[in-house]
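Just structure-v7.pdb here, PDB, C-alpha atoms:
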```pdb
ATOM      1  CA  ALA M   1       0.000   0.000   0.000  1.00  0.00           C
ATOM      2  CA  CYS M   2       1.246   3.488  -0.786  1.00  0.00           C
ATOM      3  CA  MET M   3       2.079   5.818   2.066  1.00  0.00           C
ATOM      4  CA  VAL M   4      -0.105   8.915   2.408  1.00  0.00           C
ATOM      5  CA  GLN M   5       1.872  12.124   2.737  1.00  0.00           C
ATOM      6  CA  LEU M   6       0.630  14.212   5.627  1.00  0.00           C
ATOM      7  CA  VAL M   7      -0.229  17.813   4.769  1.00  0.00           C
ATOM      8  CA  VAL M   8       0.316  20.413   7.479  1.00  0.00           C
ATOM      9  CA  LEU M   9      -1.180  23.874   6.975  1.00  0.00           C
ATOM     10  CA  SER M  10      -0.520  26.939   9.106  1.00  0.00           C
ATOM     11  CA  ASP M  11      -3.049  29.693   9.689  1.00  0.00           C
ATOM     12  CA  ALA M  12      -1.353  31.731   6.946  1.00  0.00           C
ATOM     13  CA  ASP M  13      -1.566  28.766   4.553  1.00  0.00           C
ATOM     14  CA  VAL M  14      -5.303  28.475   5.191  1.00  0.00           C
ATOM     15  CA  ARG M  15      -5.813  32.202   4.590  1.00  0.00           C
ATOM     16  CA  ARG M  16      -4.062  31.960   1.239  1.00  0.00           C
ATOM     17  CA  ALA M  17      -5.888  28.790   0.206  1.00  0.00           C
ATOM     18  CA  LEU M  18      -9.396  29.988   1.140  1.00  0.00           C
ATOM     19  CA  PRO M  19     -10.455  33.342  -0.364  1.00  0.00           C
ATOM     20  CA  VAL M  20     -13.432  35.026   1.268  1.00  0.00           C
ATOM     21  CA  GLN M  21     -15.824  34.434  -1.634  1.00  0.00           C
ATOM     22  CA  ALA M  22     -14.855  30.758  -1.772  1.00  0.00           C
ATOM     23  CA  ALA M  23     -15.622  30.433   1.951  1.00  0.00           C
ATOM     24  CA  ILE M  24     -19.061  32.007   1.435  1.00  0.00           C
ATOM     25  CA  ASP M  25     -19.822  29.762  -1.541  1.00  0.00           C
ATOM     26  CA  CYS M  26     -18.726  26.665   0.376  1.00  0.00           C
ATOM     27  CA  ASN M  27     -20.958  27.568   3.316  1.00  0.00           C
ATOM     28  CA  ARG M  28     -23.891  28.194   1.021  1.00  0.00           C
ATOM     29  CA  ARG M  29     -23.512  24.730  -0.535  1.00  0.00           C
ATOM     30  CA  ALA M  30     -23.252  23.152   2.928  1.00  0.00           C
ATOM     31  CA  PHE M  31     -26.465  24.840   4.064  1.00  0.00           C
ATOM     32  CA  LEU M  32     -28.293  23.713   0.937  1.00  0.00           C
ATOM     33  CA  HIS M  33     -27.080  20.114   1.254  1.00  0.00           C
ATOM     34  CA  SER M  34     -27.023  19.712   5.039  1.00  0.00           C
ATOM     35  CA  ALA M  35     -28.636  16.265   4.744  1.00  0.00           C
ATOM     36  CA  ASP M  36     -25.383  14.986   3.237  1.00  0.00           C
ATOM     37  CA  TYR M  37     -23.464  15.579   6.464  1.00  0.00           C
ATOM     38  CA  ILE M  38     -23.345  13.508   9.634  1.00  0.00           C
ATOM     39  CA  VAL M  39     -22.535  15.820  12.542  1.00  0.00           C
ATOM     40  CA  PRO M  40     -22.666  14.063  15.945  1.00  0.00           C
ATOM     41  CA  GLN M  41     -23.256  16.006  19.130  1.00  0.00           C
ATOM     42  CA  ARG M  42     -20.094  17.884  20.018  1.00  0.00           C
ATOM     43  CA  ILE M  43     -18.161  16.995  23.156  1.00  0.00           C
ATOM     44  CA  ILE M  44     -17.459  19.912  25.500  1.00  0.00           C
ATOM     45  CA  LEU M  45     -14.655  19.627  28.021  1.00  0.00           C
ATOM     46  CA  SER M  46     -14.888  22.427  30.582  1.00  0.00           C
ATOM     47  CA  LEU M  47     -11.655  23.709  32.083  1.00  0.00           C
ATOM     48  CA  PRO M  48     -12.603  25.984  35.010  1.00  0.00           C
ATOM     49  CA  ALA M  49      -8.960  26.520  35.972  1.00  0.00           C
ATOM     50  CA  HIS M  50      -8.473  28.343  32.676  1.00  0.00           C
ATOM     51  CA  ALA M  51     -11.936  29.961  32.569  1.00  0.00           C
ATOM     52  CA  GLY M  52     -12.633  28.166  29.306  1.00  0.00           C
ATOM     53  CA  ALA M  53     -13.456  24.973  27.502  1.00  0.00           C
ATOM     54  CA  THR M  54     -12.311  22.784  24.602  1.00  0.00           C
ATOM     55  CA  LEU M  55     -14.819  21.382  22.114  1.00  0.00           C
ATOM     56  CA  PHE M  56     -14.453  18.289  19.916  1.00  0.00           C
ATOM     57  CA  LYS M  57     -16.603  18.537  16.788  1.00  0.00           C
ATOM     58  CA  PRO M  58     -16.539  15.598  14.308  1.00  0.00           C
ATOM     59  CA  CYS M  59     -18.143  15.584  10.880  1.00  0.00           C
ATOM     60  CA  TRP M  60     -18.526  13.169   7.954  1.00  0.00           C
ATOM     61  CA  GLU M  61     -19.656  14.086   4.471  1.00  0.00           C
ATOM     62  CA  GLN M  62     -21.295  10.913   3.198  1.00  0.00           C
ATOM     63  CA  ARG M  63     -21.202  10.317  -0.538  1.00  0.00           C
ATOM     64  CA  PRO M  64     -22.402   7.345  -2.572  1.00  0.00           C
ATOM     65  CA  ASP M  65     -18.980   7.078  -4.224  1.00  0.00           C
ATOM     66  CA  GLY M  66     -17.221   6.910  -0.847  1.00  0.00           C
ATOM     67  CA  GLY M  67     -15.253  10.079  -1.532  1.00  0.00           C
ATOM     68  CA  GLY M  68     -16.633  12.139   1.315  1.00  0.00           C
ATOM     69  CA  ALA M  69     -14.636  14.203   3.774  1.00  0.00           C
ATOM     70  CA  LEU M  70     -14.086  12.936   7.312  1.00  0.00           C
ATOM     71  CA  GLY M  71     -12.582  15.010  10.068  1.00  0.00           C
ATOM     72  CA  ILE M  72     -12.770  16.690  13.425  1.00  0.00           C
ATOM     73  CA  LYS M  73     -12.308  20.231  14.637  1.00  0.00           C
ATOM     74  CA  LEU M  74     -10.841  20.898  18.045  1.00  0.00           C
ATOM     75  CA  VAL M  75     -11.730  24.419  19.136  1.00  0.00           C
ATOM     76  CA  SER M  76     -11.006  26.040  22.470  1.00  0.00           C
ATOM     77  CA  VAL M  77     -12.381  29.072  24.252  1.00  0.00           C
ATOM     78  CA  ARG M  78      -9.725  30.861  26.298  1.00  0.00           C
ATOM     79  CA  PRO M  79     -10.757  34.452  27.156  1.00  0.00           C
ATOM     80  CA  GLN M  80      -7.526  34.984  29.099  1.00  0.00           C
ATOM     81  CA  ASN M  81      -5.487  34.621  25.897  1.00  0.00           C
ATOM     82  CA  ALA M  82      -6.362  38.208  24.969  1.00  0.00           C
ATOM     83  CA  ALA M  83      -4.042  39.495  27.694  1.00  0.00           C
ATOM     84  CA  HIS M  84      -1.153  37.663  26.011  1.00  0.00           C
ATOM     85  CA  GLY M  85      -1.932  38.719  22.471  1.00  0.00           C
ATOM     86  CA  LEU M  86      -3.170  35.240  21.537  1.00  0.00           C
ATOM     87  CA  PRO M  87      -6.437  34.218  19.824  1.00  0.00           C
ATOM     88  CA  THR M  88      -9.239  33.680  22.335  1.00  0.00           C
ATOM     89  CA  VAL M  89     -10.733  30.916  20.154  1.00  0.00           C
ATOM     90  CA  PRO M  90      -7.781  28.831  18.871  1.00  0.00           C
ATOM     91  CA  ALA M  91      -8.619  25.770  16.806  1.00  0.00           C
ATOM     92  CA  SER M  92      -7.184  22.873  14.835  1.00  0.00           C
ATOM     93  CA  VAL M  93      -8.704  20.644  12.159  1.00  0.00           C
ATOM     94  CA  VAL M  94      -7.712  17.036  11.408  1.00  0.00           C
ATOM     95  CA  LEU M  95      -8.815  15.413   8.144  1.00  0.00           C
ATOM     96  CA  LEU M  96      -8.881  11.614   7.776  1.00  0.00           C
ATOM     97  CA  ASP M  97      -9.070   9.181   4.892  1.00  0.00           C
ATOM     98  CA  GLU M  98     -12.601   7.785   4.978  1.00  0.00           C
ATOM     99  CA  ALA M  99     -11.579   4.283   3.908  1.00  0.00           C
ATOM    100  CA  THR M 100      -8.384   3.765   5.908  1.00  0.00           C
ATOM    101  CA  GLY M 101      -8.707   6.250   8.740  1.00  0.00           C
ATOM    102  CA  ALA M 102      -5.219   7.537   7.973  1.00  0.00           C
ATOM    103  CA  THR M 103      -4.538  11.169   8.801  1.00  0.00           C
ATOM    104  CA  LEU M 104      -4.440  13.236   5.613  1.00  0.00           C
ATOM    105  CA  ALA M 105      -4.014  16.750   6.937  1.00  0.00           C
ATOM    106  CA  ILE M 106      -3.600  18.789  10.083  1.00  0.00           C
ATOM    107  CA  MET M 107      -4.354  22.463   9.816  1.00  0.00           C
ATOM    108  CA  ASN M 108      -4.606  25.468  12.040  1.00  0.00           C
ATOM    109  CA  GLY M 109      -8.322  26.127  12.329  1.00  0.00           C
ATOM    110  CA  THR M 110      -8.323  29.522  14.045  1.00  0.00           C
ATOM    111  CA  TYR M 111      -8.868  31.618  10.920  1.00  0.00           C
ATOM    112  CA  LEU M 112     -10.963  28.828   9.408  1.00  0.00           C
ATOM    113  CA  THR M 113     -13.356  28.970  12.376  1.00  0.00           C
ATOM    114  CA  ALA M 114     -13.662  32.743  12.127  1.00  0.00           C
ATOM    115  CA  ILE M 115     -14.240  32.840   8.373  1.00  0.00           C
ATOM    116  CA  ARG M 116     -16.761  29.986   8.508  1.00  0.00           C
ATOM    117  CA  THR M 117     -18.797  31.768  11.179  1.00  0.00           C
ATOM    118  CA  ALA M 118     -18.588  35.062   9.318  1.00  0.00           C
ATOM    119  CA  SER M 119     -19.513  33.408   6.023  1.00  0.00           C
ATOM    120  CA  GLY M 120     -22.721  32.118   7.588  1.00  0.00           C
ATOM    121  CA  SER M 121     -23.503  35.653   8.737  1.00  0.00           C
ATOM    122  CA  ALA M 122     -22.816  37.000   5.251  1.00  0.00           C
ATOM    123  CA  ILE M 123     -25.234  34.498   3.711  1.00  0.00           C
ATOM    124  CA  ALA M 124     -27.908  35.567   6.216  1.00  0.00           C
ATOM    125  CA  ALA M 125     -27.249  39.236   5.477  1.00  0.00           C
ATOM    126  CA  ASP M 126     -27.374  38.604   1.745  1.00  0.00           C
ATOM    127  CA  LEU M 127     -30.833  37.059   2.159  1.00  0.00           C
ATOM    128  CA  LEU M 128     -32.269  39.390   4.789  1.00  0.00           C
ATOM    129  CA  ALA M 129     -30.526  42.776   4.726  1.00  0.00           C
ATOM    130  CA  THR M 130     -31.764  45.534   2.446  1.00  0.00           C
ATOM    131  CA  PRO M 131     -29.852  45.537  -0.870  1.00  0.00           C
ATOM    132  CA  ALA M 132     -29.011  49.217  -0.337  1.00  0.00           C
ATOM    133  CA  ALA M 133     -27.231  48.585   3.000  1.00  0.00           C
ATOM    134  CA  SER M 134     -23.994  50.582   3.013  1.00  0.00           C
ATOM    135  CA  SER M 135     -23.067  51.005   6.700  1.00  0.00           C
ATOM    136  CA  LEU M 136     -21.563  48.307   8.910  1.00  0.00           C
ATOM    137  CA  VAL M 137     -21.124  48.452  12.694  1.00  0.00           C
ATOM    138  CA  LEU M 138     -18.719  45.965  14.311  1.00  0.00           C
ATOM    139  CA  PHE M 139     -18.874  45.349  18.052  1.00  0.00           C
ATOM    140  CA  GLY M 140     -15.451  44.174  19.154  1.00  0.00           C
ATOM    141  CA  ALA M 141     -12.031  44.270  17.514  1.00  0.00           C
ATOM    142  CA  GLY M 142     -11.076  40.599  17.494  1.00  0.00           C
ATOM    143  CA  LEU M 143     -10.739  38.060  14.712  1.00  0.00           C
ATOM    144  CA  GLN M 144     -14.506  37.540  14.423  1.00  0.00           C
ATOM    145  CA  SER M 145     -15.052  41.240  13.732  1.00  0.00           C
ATOM    146  CA  GLU M 146     -12.274  41.213  11.154  1.00  0.00           C
ATOM    147  CA  ALA M 147     -13.725  38.166   9.408  1.00  0.00           C
ATOM    148  CA  HIS M 148     -17.258  39.601   9.487  1.00  0.00           C
ATOM    149  CA  ALA M 149     -16.072  42.824   7.862  1.00  0.00           C
ATOM    150  CA  MET M 150     -14.434  40.818   5.082  1.00  0.00           C
ATOM    151  CA  THR M 151     -17.445  38.603   4.385  1.00  0.00           C
ATOM    152  CA  LEU M 152     -20.204  41.196   4.805  1.00  0.00           C
ATOM    153  CA  CYS M 153     -18.372  43.555   2.470  1.00  0.00           C
ATOM    154  CA  ALA M 154     -18.376  40.731  -0.073  1.00  0.00           C
ATOM    155  CA  VAL M 155     -22.191  40.669  -0.220  1.00  0.00           C
ATOM    156  CA  ARG M 156     -22.984  44.374   0.188  1.00  0.00           C
ATOM    157  CA  SER M 157     -21.348  47.543  -1.092  1.00  0.00           C
ATOM    158  CA  VAL M 158     -20.223  49.006   2.236  1.00  0.00           C
ATOM    159  CA  ALA M 159     -19.169  52.652   2.332  1.00  0.00           C
ATOM    160  CA  ARG M 160     -18.734  53.098   6.091  1.00  0.00           C
ATOM    161  CA  ILE M 161     -17.514  50.847   8.895  1.00  0.00           C
ATOM    162  CA  ALA M 162     -17.789  51.811  12.569  1.00  0.00           C
ATOM    163  CA  ILE M 163     -15.778  49.763  15.057  1.00  0.00           C
ATOM    164  CA  VAL M 164     -17.148  49.856  18.614  1.00  0.00           C
ATOM    165  CA  ASN M 165     -14.718  48.545  21.202  1.00  0.00           C
ATOM    166  CA  ARG M 166     -13.889  48.926  24.871  1.00  0.00           C
ATOM    167  CA  THR M 167     -10.333  49.976  24.031  1.00  0.00           C
ATOM    168  CA  PRO M 168     -10.063  52.374  21.062  1.00  0.00           C
ATOM    169  CA  ALA M 169      -6.437  51.316  20.485  1.00  0.00           C
ATOM    170  CA  ALA M 170      -7.499  47.772  19.582  1.00  0.00           C
ATOM    171  CA  GLY M 171     -10.205  49.193  17.344  1.00  0.00           C
ATOM    172  CA  GLY M 172      -7.579  51.265  15.569  1.00  0.00           C
ATOM    173  CA  LEU M 173      -5.450  48.178  14.969  1.00  0.00           C
ATOM    174  CA  LEU M 174      -8.429  46.403  13.415  1.00  0.00           C
ATOM    175  CA  ALA M 175      -9.098  49.411  11.188  1.00  0.00           C
ATOM    176  CA  GLY M 176      -5.481  49.225  10.026  1.00  0.00           C
ATOM    177  CA  ARG M 177      -5.767  45.525   9.214  1.00  0.00           C
ATOM    178  CA  LEU M 178      -8.962  46.125   7.267  1.00  0.00           C
ATOM    179  CA  HIS M 179      -7.368  48.978   5.305  1.00  0.00           C
ATOM    180  CA  THR M 180      -4.583  46.589   4.334  1.00  0.00           C
ATOM    181  CA  TYR M 181      -7.048  43.869   3.391  1.00  0.00           C
ATOM    182  CA  PHE M 182      -9.217  46.052   1.157  1.00  0.00           C
ATOM    183  CA  ALA M 183      -6.154  47.585  -0.501  1.00  0.00           C
ATOM    184  CA  SER M 184      -4.924  44.125  -1.509  1.00  0.00           C
ATOM    185  CA  HIS M 185      -8.345  42.650  -2.364  1.00  0.00           C
ATOM    186  CA  PRO M 186     -10.094  45.001  -4.796  1.00  0.00           C
ATOM    187  CA  GLY M 187     -13.340  43.956  -6.423  1.00  0.00           C
ATOM    188  CA  GLY M 188     -16.380  42.241  -5.009  1.00  0.00           C
ATOM    189  CA  ALA M 189     -19.430  44.069  -3.730  1.00  0.00           C
ATOM    190  CA  THR M 190     -17.227  46.581  -1.871  1.00  0.00           C
ATOM    191  CA  SER M 191     -14.802  47.771  -4.558  1.00  0.00           C
ATOM    192  CA  THR M 192     -12.996  50.447  -2.518  1.00  0.00           C
ATOM    193  CA  CYS M 193     -11.896  50.656   1.098  1.00  0.00           C
ATOM    194  CA  PRO M 194     -14.798  51.893   3.268  1.00  0.00           C
ATOM    195  CA  ALA M 195     -14.392  54.940   5.484  1.00  0.00           C
ATOM    196  CA  MET M 196     -13.655  53.728   9.012  1.00  0.00           C
ATOM    197  CA  SER M 197     -14.237  55.145  12.458  1.00  0.00           C
ATOM    198  CA  VAL M 198     -13.484  53.798  15.933  1.00  0.00           C
ATOM    199  CA  VAL M 199     -15.987  54.426  18.719  1.00  0.00           C
ATOM    200  CA  SER M 200     -15.434  53.914  22.449  1.00  0.00           C
ATOM    201  CA  LEU M 201     -17.794  51.341  23.964  1.00  0.00           C
ATOM    202  CA  ALA M 202     -18.335  53.588  26.999  1.00  0.00           C
ATOM    203  CA  ASP M 203     -19.505  56.449  24.772  1.00  0.00           C
ATOM    204  CA  THR M 204     -21.755  54.092  22.819  1.00  0.00           C
ATOM    205  CA  VAL M 205     -23.406  52.590  25.914  1.00  0.00           C
ATOM    206  CA  SER M 206     -24.005  56.068  27.299  1.00  0.00           C
ATOM    207  CA  LYS M 207     -25.676  57.172  24.059  1.00  0.00           C
ATOM    208  CA  TRP M 208     -27.717  53.980  23.858  1.00  0.00           C
ATOM    209  CA  GLN M 209     -28.933  54.412  27.441  1.00  0.00           C
ATOM    210  CA  SER M 210     -30.030  57.936  26.642  1.00  0.00           C
ATOM    211  CA  ARG M 211     -31.759  56.729  23.477  1.00  0.00           C
ATOM    212  CA  ALA M 212     -33.434  53.865  25.364  1.00  0.00           C
ATOM    213  CA  ARG M 213     -34.896  56.297  27.880  1.00  0.00           C
ATOM    214  CA  SER M 214     -36.356  58.459  25.133  1.00  0.00           C
ATOM    215  CA  VAL M 215     -37.745  55.381  23.395  1.00  0.00           C
ATOM    216  CA  ARG M 216     -39.458  54.186  26.563  1.00  0.00           C
ATOM    217  CA  LYS M 217     -41.028  57.601  27.035  1.00  0.00           C
ATOM    218  CA  SER M 218     -42.397  57.681  23.509  1.00  0.00           C
ATOM    219  CA  ARG M 219     -43.533  54.024  23.721  1.00  0.00           C
ATOM    220  CA  VAL M 220     -42.135  53.249  20.286  1.00  0.00           C
ATOM    221  CA  ARG M 221     -41.964  49.499  19.737  1.00  0.00           C
ATOM    222  CA  GLN M 222     -38.647  47.841  19.002  1.00  0.00           C
ATOM    223  CA  ARG M 223     -39.642  46.613  15.550  1.00  0.00           C
ATOM    224  CA  HIS M 224     -40.282  50.226  14.529  1.00  0.00           C
ATOM    225  CA  ARG M 225     -36.948  51.419  15.891  1.00  0.00           C
ATOM    226  CA  LEU M 226     -35.018  48.744  14.049  1.00  0.00           C
ATOM    227  CA  ARG M 227     -36.797  48.853  10.710  1.00  0.00           C
ATOM    228  CA  GLY M 228     -34.250  48.629   7.877  1.00  0.00           C
ATOM    229  CA  HIS M 229     -31.448  47.360  10.136  1.00  0.00           C
ATOM    230  CA  HIS M 230     -29.953  43.860  10.230  1.00  0.00           C
ATOM    231  CA  CYS M 231     -27.939  42.496  13.163  1.00  0.00           C
ATOM    232  CA  ASN M 232     -25.484  39.614  12.807  1.00  0.00           C
ATOM    233  CA  GLY M 233     -23.288  37.804  15.334  1.00  0.00           C
ATOM    234  CA  ARG M 234     -21.091  39.251  18.012  1.00  0.00           C
ATOM    235  CA  ASP M 235     -17.460  39.445  19.089  1.00  0.00           C
ATOM    236  CA  GLU M 236     -15.731  39.841  22.424  1.00  0.00           C
ATOM    237  CA  LEU M 237     -15.103  43.425  23.515  1.00  0.00           C
ATOM    238  CA  ARG M 238     -11.578  43.991  24.733  1.00  0.00           C
TER     239      ARG M 238
END
```
Encoded form (structure tokens):
Amino acid sequence: ACMVQLVVLSDADVRRALPVQAAIDCNRRAFLHSADYIVPQRIILSLPAHAGATLFKPCWEQRPDGGGALGIKLVSVRPQNAAHGLPTVPASVVLLDEATGATLAIMNGTYLTAIRTASGSAIAADLLATPAASSLVLFGAGLQSEAHAMTLCAVRSVARIAIVNRTPAAGGLLAGRLHTYFASHPGGATSTCPAMSVVSLADTVSKWQSRARSVRKSRVRQRHRLRGHHCNGRDELR
């Protein structure tokens, strides 16, 4: 029997191999053909000493020809990583040969997790958000916010991005990364780099509280206040 060469992909390798539009298209196909996938209940291992948990998430794509994908994602939640400049949701993905069980590939799944989540949000926005939507508000300045900006700008022509974060410095860093991304990825629904602003979370909460008080006084229902707006996902505020 021939030996299978193990493929090892870093986070940077995955970024290069999976363009944003390809990630969205892949997610769309998965949603449309969800019956083709066997996804057992995930196993959650809580780790109170580290204020987090590690999840084991297997999946098998069953095909009549036996050429389906088989693998498992190991994803962890470690909020304390932020203090050390590390991803708060690190992940790895292992792919196996369906017939032999041999390991085919091991890849860093941190970016993959973020772009998959954000791609699902982009598909929802593409179906539900008004076609004329041109403003995007991101709450948080982590990897999920970065990935959501990339995917949502692929399905709508976004002219303005507001980054709301507890620490404006982190918001500024995200704005810089997004400027770099849009400069090197022209085309798509958002053809030019959107105008960006960074807003302090404290200022935003204060304004929202003031707005909420005025809304309660006028007895305007929530569905009227939010008409024309679409809300997707969330990210940690740091």
Determine, counting only C-alpha atoms, which protein, DNA and RNA residues have an atom within 7 Å of an atom of Leu136 (chain M); residues of the same chain fewer than 6 positions away are not included. Present the result as an mmCIF file with C-alpha atoms, keeping the file's coordinate frame.
```cif
data_model
loop_
_atom_site.group_PDB
_atom_site.id
_atom_site.type_symbol
_atom_site.label_atom_id
_atom_site.label_comp_id
_atom_site.auth_asym_id
_atom_site.auth_seq_id
_atom_site.Cartn_x
_atom_site.Cartn_y
_atom_site.Cartn_z
ATOM 1 C CA VAL M 158 -20.223 49.006 2.236
ATOM 2 C CA ARG M 160 -18.734 53.098 6.091
ATOM 3 C CA ILE M 161 -17.514 50.847 8.895
ATOM 4 C CA ALA M 162 -17.789 51.811 12.569
#
```
*Rank nothing, just name the residue among M:Arg116, M:Val39, M:Ala99, M:Ser34 nearest to Gly66 (chain M), using only C-alpha atoms.*
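Ranked by minimum distance to Gly66 (chain M), first place goes to M:Ala99.
Candidate residues M:Ala189, M:Ala147, M:Val93, M:Leu174 were compared for distance to Ala159 (chain M), and the nearest is M:Ala189, using all atoms listed in the file.
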*From the list M:Gly120, M:Gly142, M:Gly172, M:Pro186, which residue is nearest Asn27 (chain M) when using all atoms listed in the file?*
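That would be M:Gly120, the residue with the smallest distance to Asn27 (chain M).
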Skipping near chain neighbours, those fewer than 5 positions away, what residues fall within 12 Å of Ser145 (chain M) using all atoms listed in the file, listed as a PDB file with C-alpha atoms, in the frame of the given file?
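The resulting file, out-v1.pdb, is shown below:
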```pdb
ATOM      1  CA  TYR M 111      -8.868  31.618  10.920  1.00  0.00           C
ATOM      2  CA  ALA M 114     -13.662  32.743  12.127  1.00  0.00           C
ATOM      3  CA  ILE M 115     -14.240  32.840   8.373  1.00  0.00           C
ATOM      4  CA  THR M 117     -18.797  31.768  11.179  1.00  0.00           C
ATOM      5  CA  ALA M 118     -18.588  35.062   9.318  1.00  0.00           C
ATOM      6  CA  SER M 119     -19.513  33.408   6.023  1.00  0.00           C
ATOM      7  CA  SER M 121     -23.503  35.653   8.737  1.00  0.00           C
ATOM      8  CA  LEU M 136     -21.563  48.307   8.910  1.00  0.00           C
ATOM      9  CA  VAL M 137     -21.124  48.452  12.694  1.00  0.00           C
ATOM     10  CA  LEU M 138     -18.719  45.965  14.311  1.00  0.00           C
ATOM     11  CA  PHE M 139     -18.874  45.349  18.052  1.00  0.00           C
ATOM     12  CA  GLY M 140     -15.451  44.174  19.154  1.00  0.00           C
ATOM     13  CA  MET M 150     -14.434  40.818   5.082  1.00  0.00           C
ATOM     14  CA  THR M 151     -17.445  38.603   4.385  1.00  0.00           C
ATOM     15  CA  LEU M 152     -20.204  41.196   4.805  1.00  0.00           C
ATOM     16  CA  CYS M 153     -18.372  43.555   2.470  1.00  0.00           C
ATOM     17  CA  ILE M 161     -17.514  50.847   8.895  1.00  0.00           C
ATOM     18  CA  ALA M 162     -17.789  51.811  12.569  1.00  0.00           C
ATOM     19  CA  ILE M 163     -15.778  49.763  15.057  1.00  0.00           C
ATOM     20  CA  VAL M 164     -17.148  49.856  18.614  1.00  0.00           C
ATOM     21  CA  ASN M 165     -14.718  48.545  21.202  1.00  0.00           C
ATOM     22  CA  ALA M 170      -7.499  47.772  19.582  1.00  0.00           C
ATOM     23  CA  GLY M 171     -10.205  49.193  17.344  1.00  0.00           C
ATOM     24  CA  LEU M 173      -5.450  48.178  14.969  1.00  0.00           C
ATOM     25  CA  LEU M 174      -8.429  46.403  13.415  1.00  0.00           C
ATOM     26  CA  ALA M 175      -9.098  49.411  11.188  1.00  0.00           C
ATOM     27  CA  ARG M 177      -5.767  45.525   9.214  1.00  0.00           C
ATOM     28  CA  LEU M 178      -8.962  46.125   7.267  1.00  0.00           C
ATOM     29  CA  ASN M 232     -25.484  39.614  12.807  1.00  0.00           C
ATOM     30  CA  GLY M 233     -23.288  37.804  15.334  1.00  0.00           C
ATOM     31  CA  ARG M 234     -21.091  39.251  18.012  1.00  0.00           C
ATOM     32  CA  ASP M 235     -17.460  39.445  19.089  1.00  0.00           C
ATOM     33  CA  GLU M 236     -15.731  39.841  22.424  1.00  0.00           C
ATOM     34  CA  LEU M 237     -15.103  43.425  23.515  1.00  0.00           C
ATOM     35  CA  ARG M 238     -11.578  43.991  24.733  1.00  0.00           C
TER      36      ARG M 238
END
```
*In Å, rounded to a single decimal, give me how far CA of Val7 (chain M) is from CA of Glu146 (chain M).*
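Those two atoms sit 27.1 Å apart.
Ranking M:Val198, M:Cys59, M:Ala12, M:Leu32 by their shortest atom-to-atom distance to Ala141 (chain M), with all atoms listed in the file included, puts M:Val198 first.
Here CA of Leu74 (chain M) is placed at a distance of 29.0 Å from CA of Arg166 (chain M).
Take CA of Val8 (chain M) and CA of Pro90 (chain M): the distance between them is 16.3 Å.
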_Measuring between only C-alpha atoms, which one of M:Ala51, M:Ala23, M:Ile44, M:Leu96 shows the shortest distance to Ala69 (chain M)?_
M:Leu96
*Written as a list in words, which residues does the PyMOL selection byres ((chain M and resi 36) around 9) give for the file shown?*
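When the PyMOL selection byres ((chain M and resi 36) around 9) is applied, the selected residues are Ala30, His33, Ser34, Ala35, Tyr37, Ile38, Trp60, Glu61, Gln62 and Arg63 of chain M.
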Next, write the just-selected residues to a file, as a PDB file, in the coordinates of the input, keeping C-alpha atoms as the atom set.
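The resulting file, again.pdb, is reproduced below:
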```pdb
ATOM      1  CA  ALA M  30     -23.252  23.152   2.928  1.00  0.00           C
ATOM      2  CA  HIS M  33     -27.080  20.114   1.254  1.00  0.00           C
ATOM      3  CA  SER M  34     -27.023  19.712   5.039  1.00  0.00           C
ATOM      4  CA  ALA M  35     -28.636  16.265   4.744  1.00  0.00           C
ATOM      5  CA  TYR M  37     -23.464  15.579   6.464  1.00  0.00           C
ATOM      6  CA  ILE M  38     -23.345  13.508   9.634  1.00  0.00           C
ATOM      7  CA  TRP M  60     -18.526  13.169   7.954  1.00  0.00           C
ATOM      8  CA  GLU M  61     -19.656  14.086   4.471  1.00  0.00           C
ATOM      9  CA  GLN M  62     -21.295  10.913   3.198  1.00  0.00           C
ATOM     10  CA  ARG M  63     -21.202  10.317  -0.538  1.00  0.00           C
TER      11      ARG M  63
END
```
